[in-house]
Amino acid sequence: MATTKFLLVFLDGMGLGKADPNNPLSEPESMPFLTSYLGQSLLAGIHINQTNLLLKPIDATLGVAGLPQSATGQTAIYTGQNAPAFLGRHQSGFANGSLRKLIDEYGLFKRAIALNHAATLANAYSPEYFYAITHRKRRYSVCTLLNMAANLPFRMQYEYEQEEAIFWDITGEMSRGCRQPISPQAAGKRLAKLSGQFGVTLFESYLSDFAGHAQDKGQAVACLQRIDAFLESAIAHLPPNVTLIVTSDHGNIEDISTKRHTFNKVPLLAIGPKAKAFSNVSDLTGITPQILTLLN
Ligand SMILES: [Zn+2]
């Protein structure tokens with residue numbers, strides 16, 4: 001039997017809200033593939049548990065007061081640790097020194113490698129990103145630290161040209177380092193193909209969080225359509241031993257009446273042979289431990 005593998009797709013700022021004109025996910029044209037695949041729209045209260053398909057809302061607040069934020073949410077997803085409780089608050093944007101300790105000790109990539117599985121970050125990086133960090137114009141994102149904690153290389157232009165990397169906005173149109181954008185379908189196929197070579201493959205997109213902060217419904221619908229076409233292609237090309245997991249760090253795009261994040265639950269979507277094994281996950285901290293259990 002082929003080894004169990006996981007493809008983790010992280011969508012920043014994608015919560016499950018109620019049907020409402022301010023919720024772009026209520027619009028049937030936003031995610032035509034996913035809506036038809038699931039038989040319903042991605043809204044609050046959704047629950048599907050079938051063979052090879054699980055979708056449930058999971059908690060992103062983790063018992064800590066205040067709106068959930070990206071750095072602590074992502075750290076919770078990729079370490080299985082309650083990062084906001086560890087810090088005493090939700091932290092936005094980038095990871096500071098103390099979150100880095102959690103990532104160094106509990107990071108998913110490092111622990112997958114310790115179990116003799118290969119791991120990779122599928123995102124394409126540009127030299128400009130590292131230049132900005134060296135010159136203190138930017139700080140490390142959580143997934144960058146996750147990759148560094150495992151001593152893994154970053155995928156750059158060369159890998160992009162070899163069809164083995166994807167820019168954060170899926171097509172590359174909005175990524176400064178990308179000279180030749182691709183279709184969402186090509187990106188999904190590329191990611192699915194890559195996932196067959198690694199025990200854990202991670203791809204992060206921040207499109208949904210940007211669209212939520214922008215409070216522009218047209219932009220939000222277009223971004224959801226791009227994600228939908230990307231997921232459709234990834235699912236169509238997914239190797240049979242790979243389980244796809246899609247999740248988020250906090251709500252945002254599902255309520256464009258506010259430019260802030262929301263308290264809404266986020267989706268945990270699992271598609272593939274190990275989907276059912278995630279049915280007991282109830283918040284962001286449950287994903288990494290379950291992946292590691294199944295890899296072991
Ligand atoms: Zn945000």
# chains A, B, ... in the order shown; residues from 1 in each chain; ligands from 1
>>> residues_around(residues="region 30-37 of chain A", least_positions_apart="5", cutoff="7 Å", atoms="only C-alpha atoms", output="PyMOL selection string")
chain A and resi 24-25+221+224-225+228+232
>>> residues_near_ligand(ligand="ligand 1", cutoff="12 Å", atoms="only C-alpha atoms and all ligand atoms", output="count of residues only")
40
>>> residues_around(residues="Ala275 (chain A)", least_positions_apart="3", cutoff="6 Å", atoms="only C-alpha atoms", output="number ranges by chain")
A: 52-54, 270-272, 278
>>> residues_around(residues="region 108-110 of chain A", least_positions_apart="2", cutoff="6 Å", atoms="only C-alpha atoms", output="list in words")
Tyr78, Thr79, Ala112, Ile113, Ala119 and Ala150 of chain A
>>> atom_distance(atom1="CA of Ser41 (chain A)", atom2="CA of Gly17 (chain A)")
10.5 Å
>>> residues_around(residues="Val246 (chain A)", least_positions_apart="5", cutoff="9 Å", atoms="only C-alpha atoms", output="list in words")
Leu7, Leu8, Val9, Phe10, Leu11, Pro267, Leu268, Leu269, Ala270 and Ile271 of chain A
>>> closest_residue(among="A:Cys178, A:Ile133, A:Ile170, A:Leu121", to="Phe154 (chain A)", atoms="only C-alpha atoms")
A:Leu121
>>> closest_residue(among="A:Cys143, A:Ala19, A:Val64, A:Ile77", to="Asp283 (chain A)", atoms="only C-alpha atoms")
A:Ile77
>>> residues_around(residues="Lys5 (chain A)", least_positions_apart="2", cutoff="12 Å", atoms="only C-alpha atoms", output="ChimeraX atom specification")
/A:2-3,7-8,112,117-120,192,194-202,238-245,271-275,291-296
